[in-house]
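These notes are about the structure you will find just below.
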There are 2 protein chains.
Amino acid sequence: MDLTAAELRVLDAVERTGSFSAAATTLDLTQSAVSHSVRMTERKLGTVLFDRGRHGARPTPAGERAILHGRGVLRLMDVLRADTRAAAGGVLDTRLRIAAFRSAAAQLLPPALTRLTAKHPQLSYDVSIVRDVGGGTATEVVEGRADLAIVNLPHRLPASAGLVGGELLDEPYVLIHPARSADPRSLPLIDWTENCSAETQAWFRTQDWLPPATINVADDTVLLSMVAHGLGMAVVPETTAADRAPEVTVEPLGPTAPRRTIGYLTTPALSRSTALRELVAELRGPRAPRAG
Amino acid sequence: MDLTAAELRVLDAVERTGSFSAAATTLDLTQSAVSHSVRMTERKLGTVLFDRGRHGARPTPAGERAILHGRGVLRLMDVLRADTRAAAGGVLDTRLRIAAFRSAAAQLLPPALTRLTAKHPQLSYDVSIVRDVGGGTATEVVEGRADLAIVNLPHRLPASAGLVGGELLDEPYVLIHPARSADPRSLPLIDWTENCSAETQAWFRTQDWLPPATINVADDTVLLSMVAHGLGMAVVPETTAADRAPEVTVEPLGPTAPRRTIGYLTTPALSRSTALRELVAELRGPRAPRAG
DNA sequence: CGCTTCCATGAGCGCCGTTCATGGAAGCGG
DNA sequence: CCGCTTCCATGAACGGCGCTCATGGAAGCG
């Protein structure tokens with residue numbers, strides 16, 4: 001027998017919340033309905049999907065497979081709905097789930113989403129901020145919790161993940177320092193955890209320039225604020241320096257400057273959906289219209 | 001509102017059969033049920049999906065999108081079912097739809113499917129034979145009518161198709177000729193339409209050997225039969241020559257022989273399903289265990 | 001030993017998708 | 001022009017599925 005979309009949403013919610021009752025709350029259902037639903041799904045599949053215990057419900061290995069594929073089914077059904085309506089000349093209405101690291105979310109997304117919303121007022125968004133470490137944003141896409149991941153390129157993922165993507169933005173790093181510093185290069189370097197430290201370190205080495213000391217902060221706005229207060233200088237991507245305070249001076253690093261490239265990853269199925277194509281087009285935006 | 005799996009199957013059947021009534025027959029439903037179902041689906045999507053006319057029903061552009069994505073949803077739901085059961089230690093039972101060109105279907109599939117069936121008796125197969133011209137077998141996968149396509153590599157497809165694949169078999173061409181011919185190389189060449197003629201032609205040119213005349217046939221078994229009857233010689237892939245008649249002699253072409261490579265293509269979603277992985281493993285089989 | 005927080009289960013009910021029966025529209029052949 | 005056939009549409013009736021409500025059992029916790 002077929003599983004219904006409602007049943008798949010129940011599986012998803014139970015996994016997310018960790019219990020039947022909490023899932024019921026988020027789905028605006030009774031706990032009883034969730035229990036019945038899971039039980040029915042298990043009967044249809046002939047397999048136990050959750051280990052029920054005192055602390056709620058944990059998916060079995062079989063349950064994890066079901067949840068993972070179920071998210072794919074749900075997403076594809078929404079693509080079907082949105083795409084079909086768009087093909088019929090209707091409005092494009094769907095919810096795009098974007099996983100980005102903080103600086104991209106702050107700098108890249110707002111203008112793109114503004115333009116996209118102007119064009120398609122019925123679009124809505126879930127932007128989740130993910131620390132760009134480990135699998136990072138891409139994991140969100142692989143596990144079906146997001147439709148599009150903003151990543152730093154080059155991105156290394158096992159090929160089996162089967163994601164597709166492209167380039168969005170390629171920009172140089174610039175030097176920022178307090179406005180009234182006589183010799184900015186003698187100031188301590190403030191580094192940024194999510195930065196591609198490896199690249200900037202390599203560049204420093206080519207410059208025979210070893211900064212005196214290194215402060216490490218976890219957030220780029222905190223970093224900007226520190227520079228504004230005269231704590232040191234920093235090497236940051238151009239767009240990060242764009243919305244600087246007046247007390248901060250930006251100095252280009254010339255043609256040999258290290259660069260960072262931001263790209264996106266998504267699943268092939270989603271990459272063909274109208275909404276996601278439009279989103280990627282806007283993300284590429286007026287900045288760097290590149291093929292990809 | 002959600003579309004149900006039953007509704008998606010109705011869309012698929014209507015497109016395949018070209019009429020509501022015929023779809024009803026293949027689905028073992030009433031014509032009325034099909035009419036109600038399509039109407040309800042259209043209401044849920046807010047869009048007309050089929051143009052009804054005297055000659056049946058043809059999908060609108062919106063309908064085509066819905067049908068295409070619908071096939072993806074249905075396939076993914078079956079992957080969910082089969083994969084979940086397999087993860088729970090149950091048997092692997094699903095239907096694998098394979099699109100292959102004739103010679104691959106005849107030579108590559110039987111041993112692989114034999115071994116796979118021995119391992120998983122509940123698996124079943126739909127093998128469709130597609131002329132390896134134009135989009136060929138890959139189109140079947142792109143349009144959701146097949147799960148795996150057997151292709152000749154290198155394969156050229158628009159990247160937007162978003163398929164993934166790998167190599168299955170790499171083999172040299174060999175020369176076959178009638179057993180009692182004194183000078184096989186003076187015989188007329190019999191060529192084969194689905195053969196990679198370009199490659200063999202190029203090879204002939206490097207050999208400074210221009211065969212006297214060329215017969216062109218559309219089927220490899222007919223070709224073998226012609227050689228057996230003394231009509232000429234041919235250059236064919238090694239496996240094609242494997243099940244030859246006793247009147248046919250095989251002569252290797254040495255290390256510079258032209259080669260052909262057979263590969264597979266599938267969608268990324270399916271490539272992660274247990275059943276398809278097993279099938280690909282068996283297709284690679286004991287012949288050429290390669291990474292890919 | 002209550003209290004709380006989990007999940008399970010049975011009864012009842014409404015809606016959705018089915019069949020049955022019927023009707024309308026549009027070629028096709030005398 | 002008129003049946004005949006072959007399409008799809010529609011309304012009535014019904015059965016099952018998935019929901020809520022009410023209740024019960026199990027297991028930590030102070």
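Residues are referred to by chain and number: the chain letter is A, B, ... according to the order shown in the structure tokens, the number counts from 1 in that chain, and ligands are numbered separately from 1 in the order shown.
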TODO: Counting only C-alpha atoms (C1' of nucleotides), collect the residues of chain A whose closest atom lies at most 10 Å from chain C, and write them out as a ChimeraX atom specification.
DONE: /A:19-21,31-32,35-36,39,52-57
Would you save the residues of that selection, restricted to C-alpha atoms, as a tab-separated table (two decimals), in the first residue's frame?
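What landed in selection-v1.tsv:
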chain	number	residue	atom	x	y	z
A	19	SER	CA	9.02	12.35	20.27
A	20	PHE	CA	5.51	11.54	19.14
A	21	SER	CA	3.88	14.16	21.31
A	31	GLN	CA	-0.58	12.59	19.85
A	32	SER	CA	-3.00	9.84	19.03
A	35	SER	CA	0.81	7.22	17.03
A	36	HIS	CA	-1.77	5.81	14.62
A	39	ARG	CA	1.86	2.49	13.36
A	52	ARG	CA	9.93	4.01	21.47
A	53	GLY	CA	11.27	4.56	24.88
A	54	ARG	CA	10.86	6.65	27.94
A	55	HIS	CA	12.73	9.52	26.29
A	56	GLY	CA	10.62	9.63	23.15
A	57	ALA	CA	11.22	7.97	19.82
Considering only C-alpha atoms, tabulate each residue of chain B that lies at most 7 Å from chain A along with its nearest interatomic pair and the corresponding distance in Å to one decimal; arrange the rows by chain and ascending residue number and present them as JSON lines.
{"residue": "B:Asp2", "atom": "CA", "partner": "A:Ala5", "partner_atom": "CA", "distance": 6.6}
{"residue": "B:Thr4", "atom": "CA", "partner": "A:Thr4", "partner_atom": "CA", "distance": 6.4}
{"residue": "B:Ala5", "atom": "CA", "partner": "A:Asp2", "partner_atom": "CA", "distance": 6.6}
{"residue": "B:Leu45", "atom": "CA", "partner": "A:Arg81", "partner_atom": "CA", "distance": 6.3}
{"residue": "B:Thr47", "atom": "CA", "partner": "A:Ala88", "partner_atom": "CA", "distance": 6.6}
{"residue": "B:Pro61", "atom": "CA", "partner": "A:Ala87", "partner_atom": "CA", "distance": 6.5}
{"residue": "B:Ala62", "atom": "CA", "partner": "A:Thr84", "partner_atom": "CA", "distance": 4.9}
{"residue": "B:Gly63", "atom": "CA", "partner": "A:Thr84", "partner_atom": "CA", "distance": 6.9}
{"residue": "B:Arg65", "atom": "CA", "partner": "A:Thr84", "partner_atom": "CA", "distance": 5.6}
{"residue": "B:Ala66", "atom": "CA", "partner": "A:Thr84", "partner_atom": "CA", "distance": 5.6}
{"residue": "B:His69", "atom": "CA", "partner": "A:Leu80", "partner_atom": "CA", "distance": 5.5}
{"residue": "B:Gly70", "atom": "CA", "partner": "A:Leu80", "partner_atom": "CA", "distance": 6.9}
{"residue": "B:Val73", "atom": "CA", "partner": "A:Val73", "partner_atom": "CA", "distance": 5.6}
{"residue": "B:Leu76", "atom": "CA", "partner": "A:Val73", "partner_atom": "CA", "distance": 6.2}
{"residue": "B:Met77", "atom": "CA", "partner": "A:Val73", "partner_atom": "CA", "distance": 6.6}
{"residue": "B:Leu80", "atom": "CA", "partner": "A:His69", "partner_atom": "CA", "distance": 5.5}
{"residue": "B:Arg81", "atom": "CA", "partner": "A:Leu45", "partner_atom": "CA", "distance": 6.3}
{"residue": "B:Asp83", "atom": "CA", "partner": "A:Arg65", "partner_atom": "CA", "distance": 6.8}
{"residue": "B:Thr84", "atom": "CA", "partner": "A:Ala62", "partner_atom": "CA", "distance": 4.9}
{"residue": "B:Arg85", "atom": "CA", "partner": "A:Thr47", "partner_atom": "CA", "distance": 6.6}
{"residue": "B:Ala87", "atom": "CA", "partner": "A:Ala62", "partner_atom": "CA", "distance": 4.9}
{"residue": "B:Ala88", "atom": "CA", "partner": "A:Ala62", "partner_atom": "CA", "distance": 5.2}
{"residue": "B:Gly162", "atom": "CA", "partner": "A:Pro268", "partner_atom": "CA", "distance": 5.5}
{"residue": "B:Pro268", "atom": "CA", "partner": "A:Gly162", "partner_atom": "CA", "distance": 5.6}
ask   = Where does DSSP see helix (DSSP H, G or I) in segment 128-182 of chain B, if you list the residues as a list in words?
value =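 These are the residues in question: Thr137, Ala138, Thr139, Glu140, Val141, Val142, Ala159, Ser160 and Ala161 of chain B.
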Would you save the residues of that selection, restricted to C-alpha atoms, as a PDB file, in the first residue's frame?
ATOM      1  CA  THR B 137      18.596   4.933 -23.654  1.00  0.00           C
ATOM      2  CA  ALA B 138      19.486   7.968 -21.546  1.00  0.00           C
ATOM      3  CA  THR B 139      16.278   9.717 -22.606  1.00  0.00           C
ATOM      4  CA  GLU B 140      14.293   6.926 -20.999  1.00  0.00           C
ATOM      5  CA  VAL B 141      15.930   7.708 -17.676  1.00  0.00           C
ATOM      6  CA  VAL B 142      15.585  11.466 -18.067  1.00  0.00           C
ATOM      7  CA  ALA B 159      24.763  18.604 -18.368  1.00  0.00           C
ATOM      8  CA  SER B 160      21.382  19.910 -17.276  1.00  0.00           C
ATOM      9  CA  ALA B 161      20.057  16.368 -17.506  1.00  0.00           C
TER      10      ALA B 161
END
task = Tell me the residues of chain D close to chain A, meaning within 8 Å using only C-alpha atoms (C1' of nucleotides), as a VMD selection string.
result = chain D and resid 18 to 20 27 to 28
Practice problem: Apply DSSP to the backbone of this structure and, from segment 76-284 of chain B, keep only the residues in strand (DSSP E); write these as number ranges by chain. | Solution: B: 95-100, 124-129, 148-153, 164-178, 189-192, 214-217, 234-237, 248-252, 259-266
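Within 12 Å of segment 183-188 of chain A, once only C-alpha atoms (C1' of nucleotides) are used and residues closer than 6 positions along the same chain are dropped, the contacting residues are Leu175, Ile176, His177, Phe204, Gln207, Trp209, Leu210, Pro211, Pro212, Ala213, Thr214, Ile215, Asn216, Met226, Val227, Gly230, Leu231, Gly232, Met233, Ala234, Val235, Val248, Thr249, Val250, Glu251 and Leu253 of chain A.
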Shortest contact to Ala149 of chain A, candidates A:Leu169, A:Ala118, A:Leu224, A:Ala100, atoms counted only C-alpha atoms, goes to A:Ala100
With only C-alpha atoms (C1' of nucleotides) as the counted atoms, please give the residues lying no more than 10 Å from Glu282 of chain B, apart from itself and same-chain residues fewer than 5 positions off, as JSON, numbers by chain. {"B": [108, 109, 111, 112, 113, 114, 115, 116, 168, 276, 277, 287, 289]}
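Reported to one decimal place, the separation of atom CA of Thr274 of chain A from atom CA of Lys119 of chain A is 13.0 Å.
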